[in-house]
Structures are given as structure tokens and as C-alpha cells.
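Shown here: target.cif, mmCIF, C-alpha atoms.
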```
data_query
#
loop_
_atom_site.label_atom_id
_atom_site.label_comp_id
_atom_site.auth_asym_id
_atom_site.auth_seq_id
_atom_site.Cartn_x
_atom_site.Cartn_y
_atom_site.Cartn_z
CA MET V 402 0.00 0.00 0.00
CA THR V 403 1.28 3.46 -0.87
CA LYS V 404 0.43 6.81 0.63
CA THR V 405 0.19 10.27 -0.92
CA SER V 406 0.86 13.38 1.14
CA GLY V 407 -0.66 16.80 0.65
CA THR V 408 2.58 17.98 -0.94
CA GLY V 409 2.33 15.57 -3.85
CA ILE V 410 4.89 13.14 -2.43
CA LYS V 411 3.97 9.48 -2.69
CA THR V 412 5.55 6.97 -0.33
CA GLY V 413 5.34 3.21 -0.36
CA PRO V 414 6.61 0.19 1.55
CA VAL V 415 7.26 -1.55 -1.78
CA SER V 416 9.79 0.48 -3.74
CA TRP V 417 8.95 -0.88 -7.17
CA ASP V 418 5.33 0.12 -6.60
CA ILE V 419 6.33 3.76 -7.10
CA GLY V 420 8.88 3.12 -9.83
CA ALA V 421 12.13 2.99 -7.86
CA SER V 422 15.11 1.16 -9.37
CA PRO V 423 16.83 -1.67 -7.50
CA THR V 424 20.00 -0.87 -5.56
CA ALA V 425 23.24 -2.86 -5.52
CA GLY V 426 22.47 -6.56 -5.27
CA LYS V 427 19.25 -6.03 -7.26
CA ARG V 428 17.28 -5.29 -4.09
CA TYR V 429 14.44 -2.84 -3.73
CA THR V 430 14.94 -0.89 -0.52
CA VAL V 431 12.89 1.43 1.66
CA PRO V 432 12.24 4.22 2.34
CA ALA V 433 11.41 5.54 -1.12
CA ILE V 434 9.34 8.48 -2.34
CA LYS V 435 7.94 9.72 -5.64
CA ASN V 436 7.10 13.30 -6.52
CA LEU V 437 3.80 12.98 -8.37
CA ASN V 438 4.26 16.43 -9.91
CA THR V 439 7.62 15.67 -11.53
CA GLY V 440 7.81 11.86 -11.55
CA ILE V 441 11.12 11.94 -9.66
CA VAL V 442 11.73 8.85 -7.48
CA VAL V 443 14.23 9.01 -4.60
CA TYR V 444 15.23 6.25 -2.18
CA GLY V 445 17.51 6.12 0.86
CA SER V 446 17.11 8.17 4.04
CA HIS V 447 19.80 10.78 3.39
CA ALA V 448 18.99 11.10 -0.32
CA ILE V 449 15.33 11.70 0.55
CA ALA V 450 16.25 14.26 3.20
CA LYS V 451 18.54 16.04 0.73
CA TYR V 452 15.85 16.07 -1.96
CA LEU V 453 13.17 17.40 0.39
CA ASP V 454 15.60 19.97 1.75
CA GLU V 455 16.31 21.25 -1.76
CA THR V 456 12.61 22.01 -2.12
CA ASP V 457 11.60 22.93 1.45
CA LYS V 458 14.93 24.00 3.06
CA LEU V 459 14.14 22.33 6.38
CA LEU V 460 16.49 19.49 7.27
CA ILE V 461 20.06 20.15 6.15
CA PRO V 462 21.67 23.50 7.00
CA ARG V 463 23.54 25.21 4.19
CA GLY V 464 26.98 23.69 3.69
CA ALA V 465 26.33 20.75 6.02
CA HIS V 466 25.48 18.00 3.53
CA VAL V 467 28.75 16.12 4.03
CA LEU V 468 28.50 16.35 7.82
CA VAL V 469 24.93 15.09 7.83
CA GLU V 470 25.58 12.31 5.31
CA THR V 471 28.55 10.96 7.27
CA SER V 472 27.10 11.36 10.77
CA GLU V 473 25.26 8.04 10.81
CA THR V 474 28.36 5.86 10.52
CA PRO V 475 30.05 7.09 13.74
CA TYR V 476 26.75 6.61 15.58
CA ILE V 477 26.43 3.04 14.31
CA ASN V 478 30.03 2.20 15.17
CA THR V 479 29.79 3.76 18.63
CA VAL V 480 26.37 2.59 19.82
CA MET V 481 24.99 -0.09 17.54
CA MET V 482 27.83 -2.37 16.49
CA PRO V 483 28.74 -3.54 20.03
CA SER V 484 25.09 -4.40 20.76
CA PHE V 485 23.56 -5.40 17.42
CA LYS V 486 23.27 -9.11 18.26
CA LEU V 487 21.45 -8.36 21.50
CA LEU V 488 19.05 -6.04 19.67
CA MET V 489 18.41 -8.75 17.09
CA THR V 490 17.37 -11.20 19.83
CA ARG V 491 15.01 -8.58 21.24
CA THR V 492 13.61 -7.93 17.77
CA LEU V 493 12.91 -11.63 17.27
CA GLU V 494 10.58 -11.54 20.28
CA THR V 495 8.33 -9.09 18.40
CA GLN V 496 8.05 -11.16 15.20
CA ASN V 497 4.93 -13.10 14.29
CA ASP V 498 4.95 -16.84 13.56
CA ILE V 499 5.26 -16.34 9.80
CA SER V 500 8.35 -14.13 10.11
CA TRP V 501 10.06 -16.06 12.91
CA GLN V 502 12.13 -18.56 10.90
CA VAL V 503 12.91 -16.14 8.09
CA PHE V 504 14.18 -13.60 10.60
CA ILE V 505 16.35 -16.17 12.37
CA GLN V 506 17.93 -17.53 9.19
CA SER V 507 18.62 -14.10 7.69
CA ARG V 508 20.22 -12.78 10.89
CA LEU V 509 22.32 -15.90 11.43
CA LYS V 510 23.67 -15.42 7.93
CA MET V 511 24.19 -11.69 8.50
CA PHE V 512 26.23 -12.25 11.66
CA ARG V 513 27.86 -15.50 10.49
CA GLU V 514 26.51 -17.53 13.37
CA THR V 515 25.31 -21.15 13.26
CA HIS V 516 22.95 -21.27 16.22
CA TRP V 517 20.59 -18.56 17.45
CA GLU V 518 21.57 -19.30 21.04
CA ASP V 519 25.06 -18.02 20.21
CA MET V 520 23.81 -14.57 19.21
CA ALA V 521 23.55 -13.14 22.71
CA PRO V 522 24.01 -15.71 25.50
CA GLU V 523 23.39 -14.39 29.01
CA GLY V 524 26.94 -13.34 29.83
CA LYS V 525 27.55 -11.67 26.48
CA ALA V 526 24.10 -10.08 26.51
CA GLN V 527 24.98 -8.19 29.69
CA GLN V 528 28.22 -7.01 28.12
CA MET V 529 26.38 -5.86 24.99
CA TRP V 530 23.83 -3.96 27.07
CA ALA V 531 26.61 -2.23 28.98
CA ALA V 532 28.33 -1.38 25.69
CA LEU V 533 25.14 0.16 24.30
CA LYS V 534 24.80 2.43 27.32
CA LYS V 535 28.49 3.32 27.17
CA GLY V 536 28.10 4.25 23.50
CA LEU V 537 25.13 6.46 24.31
CA GLY V 538 27.36 8.22 26.81
CA VAL V 539 29.77 9.05 23.99
CA VAL V 540 26.93 10.38 21.81
CA ASN V 541 25.63 12.41 24.74
CA GLY V 542 29.09 13.99 24.87
CA TRP V 543 28.70 15.03 21.23
CA TYR V 544 25.43 16.76 22.05
CA GLN V 545 26.97 18.51 25.05
CA LYS V 546 29.82 19.84 22.92
CA SER V 547 27.31 21.26 20.44
CA GLY V 548 26.26 23.92 22.94
CA GLY V 549 22.55 23.43 22.22
CA ARG V 550 19.82 20.82 22.33
CA TRP V 551 20.61 19.53 18.82
CA ILE V 552 23.72 17.90 17.37
CA MET V 553 24.38 21.17 15.48
CA GLY V 554 23.78 23.41 18.48
CA ASN V 555 20.51 25.28 18.16
CA THR V 556 19.99 24.13 14.56
CA PHE V 557 17.71 21.14 14.05
CA SER V 558 18.92 18.80 11.29
CA PHE V 559 18.42 15.41 9.71
CA THR V 560 21.10 13.96 12.00
CA ASP V 561 18.82 14.41 15.01
CA ILE V 562 16.07 12.59 13.12
CA VAL V 563 18.49 9.73 12.39
CA VAL V 564 19.27 9.30 16.09
CA VAL V 565 15.62 9.33 17.12
CA SER V 566 13.86 7.75 14.18
CA CYS V 567 12.86 4.18 13.50
CA LYS V 568 16.54 3.36 13.09
CA TRP V 569 17.32 3.73 16.79
CA ILE V 570 15.32 5.15 19.69
CA VAL V 571 11.92 4.39 18.14
CA TRP V 572 13.15 0.90 17.25
CA TRP V 573 14.31 0.35 20.82
CA ASN V 574 10.93 1.45 22.14
CA ALA V 575 9.35 -1.34 20.12
CA ILE V 576 11.72 -4.18 21.06
CA LEU V 577 13.12 -3.55 24.55
CA ASN V 578 11.24 -4.59 27.66
CA LYS V 579 9.87 -1.98 30.04
CA GLN V 580 12.86 -2.04 32.38
CA GLU V 581 15.37 -1.73 29.53
CA ARG V 582 13.46 1.13 27.90
CA GLN V 583 13.21 2.97 31.18
CA GLU V 584 16.94 2.53 31.71
CA VAL V 585 17.76 4.02 28.31
CA HIS V 586 15.32 6.89 28.58
CA THR V 587 16.59 7.97 32.00
CA LEU V 588 20.26 7.95 31.01
CA HIS V 589 22.09 11.28 31.03
CA GLY V 590 19.34 13.25 32.70
CA GLU V 591 16.60 11.72 30.52
CA LYS V 592 18.39 13.01 27.42
CA TRP V 593 16.96 10.41 25.04
CA ALA V 594 13.35 10.64 26.20
CA ARG V 595 13.59 14.42 25.90
CA LEU V 596 15.17 14.21 22.45
CA LEU V 597 12.31 12.01 21.26
CA VAL V 598 9.79 14.57 22.51
CA ASP V 599 11.73 17.43 20.89
CA VAL V 600 11.92 15.71 17.49
CA ASN V 601 8.20 14.93 17.62
CA ALA V 602 7.55 18.61 18.28
CA GLY V 603 10.01 19.83 15.65
CA CYS V 604 8.68 17.54 12.92
CA ASN V 605 5.03 17.55 13.96
CA THR V 606 5.17 13.75 14.15
CA ASP V 607 4.14 11.07 16.61
CA LEU V 608 7.07 8.68 16.92
CA GLY V 609 5.86 7.48 20.30
CA SER V 610 7.16 7.92 23.82
CA CYS V 611 8.69 5.89 26.61
CA GLU V 612 5.33 5.23 28.22
CA GLU V 613 3.51 3.78 25.21
CA HIS V 614 4.92 0.24 25.20
CA SER V 615 4.28 -2.28 27.92
CA HIS V 616 5.60 -5.68 26.79
#
```

Render the structure in this file as C-alpha cells.
Amino acid sequence: MTKTSGTGIKTGPVSWDIGASPTAGKRYTVPAIKNLNTGIVVYGSHAIAKYLDETDKLLIPRGAHVLVETSETPYINTVMMPSFKLLMTRTLETQNDISWQVFIQSRLKMFRETHWEDMAPEGKAQQMWAALKKGLGVVNGWYQKSGGRWIMGNTFSFTDIVVVSCKWIVWWNAILNKQERQEVHTLHGEKWARLLVDVNAGCNTDLGSCEEHSH
């Protein structure tokens, strides 16, 4: 199913449905959008942000395209890589019966593991959880150095959306248990819960909150 916004931008969970071309490996990826007024199709988070910014001038400050485009990799390396296997095990718990085996096989292949039990055994899981929180401490330091509430000081940008969006904080809200979510949201003076609220306000979106999930 695709959706059309009031600005003439059509989005869809199936990229080929709106005319997107496959990426490397002949895969159709999301997100993808199509401008119904011009026929232009754009896919990939940063490419979409750049395209929308060229028309609306909202997400990427002038001269900051390189900074914004490269900001996701340090975040992934600092926070996500040490804890990815743990997050995969939490994600499995949210899958339905149809997706269960497909998810397991694809992630075992991705992480070059043979048995799911080896992804995040109890001892390693605790280490991964500690590493995730340690990484968030590093990112919090980046925000503190900015001198404002956003990664670019007082200027809201796509990088803040990357940190909060479905890639990270919103994803964690969906997969972590109540105690784990509460622990993340209260870190660093409730920095991450507050950032989620601020991005919702800045983008006029509803990406959820710490209190919404109860599993």
C-alpha cells in the first residue's frame, strides 16, 4: 500500500510500486518516495532528506550536507555495532509466527553464526547492554559539545532525526522490555526521552514515547 501526502509526495513500503530502481544486489529498498508532480523517485534516508531539503529547506543547513551524510556511521560504530546481536534477539521476540524462521535464518547469515543461542548468551548479553549504554554516553558527549539541544547546536537537522527515528530510539521502544526502555530513557538526565519529545515537536510527528509500550 502506498500513501500520498498533501505535498504531492507518494511513499510506499514496496519500492517498485512507485517506480524505484533496485539498488546494488538487485534489491528494492525502503524508504522511497515519488514526486507525483515531476515523476522523480528518490530512495535512501539521506537522499530523501537532501531532496526534500532542496525544495523545502528544512532538514540540512547550508553547507552541512557532508557532515549530515557521514554522521550516521560514527553513531552506528559507537552505539549499535557492540550491541547489534542483542538487539536482534530482542527484535525476534516481536516477530509473528510467519516471520520467525525467516528472521532467524537471515540474521544468522548476517552475523555469520550457526545457532541462534550463540547470538547473545546471558553473559555476552549483559556485556552488549553495557556497551550500548556506554556508547550512548559518547553520543551524549557530542550533544553537550554542540552547545545546544541539537547535534548542530541550536539548529535542528536530519542527523537528530536519524538518532531518534525508527533506526534507533523508536526501534528500541518497540523491542526492549519496560525495564530496559526505562533505563535508556533515563540515562544522562533523561536526554533520550527528551530528544524524542523534541523531534516529535520539531517535525510535527508522533514517533511514540517511553510510556507507550508495555511488553

(Q) Evaluated on this file, the PyMOL selection byres ((chain V and resi 531-545) around 10) picks out some residues - which ones are they, written as a PyMOL selection string? (A) chain V and resi 475-485+487-488+525-530+546-554+561+564+584-585+588-589+592-593

Q: Could you state which residues are captured by the PyMOL selection byres ((chain V and resi 504-518) around 12) in this file, as a PyMOL selection string?
A: chain V and resi 482+485-503+519-526

**Q.** Of the listed residues V:Ile562, V:Glu455, V:Ile449, V:Ser472, that which approaches Ala602 of chain V most closely, counting all atoms listed in the file
**A.**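 That would be V:Ile562, the residue with the smallest distance to Ala602 of chain V.
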
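Note that atom CA of His586 of chain V and atom CA of Trp573 of chain V are 10.2 Å apart.
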
Q.
So the first atom is atom CA of Thr560 of chain V and the second is atom CA of Pro462 of chain V; what is the distance between them in Å, to one decimal place?
A. 10.8 Å

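One distance worth recording is that between atom CA of Leu597 of chain V and atom CA of Ser566 of chain V, which is 8.4 Å.
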
(Q) Given all atoms listed in the file as the basis, pick out the residue of V:Thr556, V:Asn436, V:Ile441, V:Ala448 nearest to Arg463 of chain V. (A) V:Thr556

Q | Shortest interatomic distance to His466 of chain V - which of V:Asn438, V:Ser558, V:Asn605, V:Asn578, counting all atoms listed in the file | A |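 Under the stated criterion, the closest residue is V:Ser558.
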
Q: Point out the residue among V:Cys604, V:Ala575, V:Val563, V:Val443 with the least atom-to-atom distance to Thr471 of chain V, counting only C-alpha atoms.
A: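 Nearest to Thr471 of chain V: V:Val563.
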
Could you list, as a tab-separated table (two decimals) with C-alpha atoms, keeping the file's coordinate frame, every residue matched by the PyMOL selection byres ((chain V and resi 582) around 10) in this structure?
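Full text of selection09.tsv as output:
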```tsv
chain	number	residue	atom	x	y	z
V	570	ILE	CA	15.32	5.15	19.69
V	573	TRP	CA	14.31	0.35	20.82
V	574	ASN	CA	10.93	1.45	22.14
V	575	ALA	CA	9.35	-1.34	20.12
V	576	ILE	CA	11.72	-4.18	21.06
V	577	LEU	CA	13.12	-3.55	24.55
V	578	ASN	CA	11.24	-4.59	27.66
V	579	LYS	CA	9.87	-1.98	30.04
V	580	GLN	CA	12.86	-2.04	32.38
V	581	GLU	CA	15.37	-1.73	29.53
V	583	GLN	CA	13.21	2.97	31.18
V	584	GLU	CA	16.94	2.53	31.71
V	585	VAL	CA	17.76	4.02	28.31
V	586	HIS	CA	15.32	6.89	28.58
V	587	THR	CA	16.59	7.97	32.00
V	594	ALA	CA	13.35	10.64	26.20
V	611	CYS	CA	8.69	5.89	26.61
V	612	GLU	CA	5.33	5.23	28.22
V	614	HIS	CA	4.92	0.24	25.20
V	615	SER	CA	4.28	-2.28	27.92
```
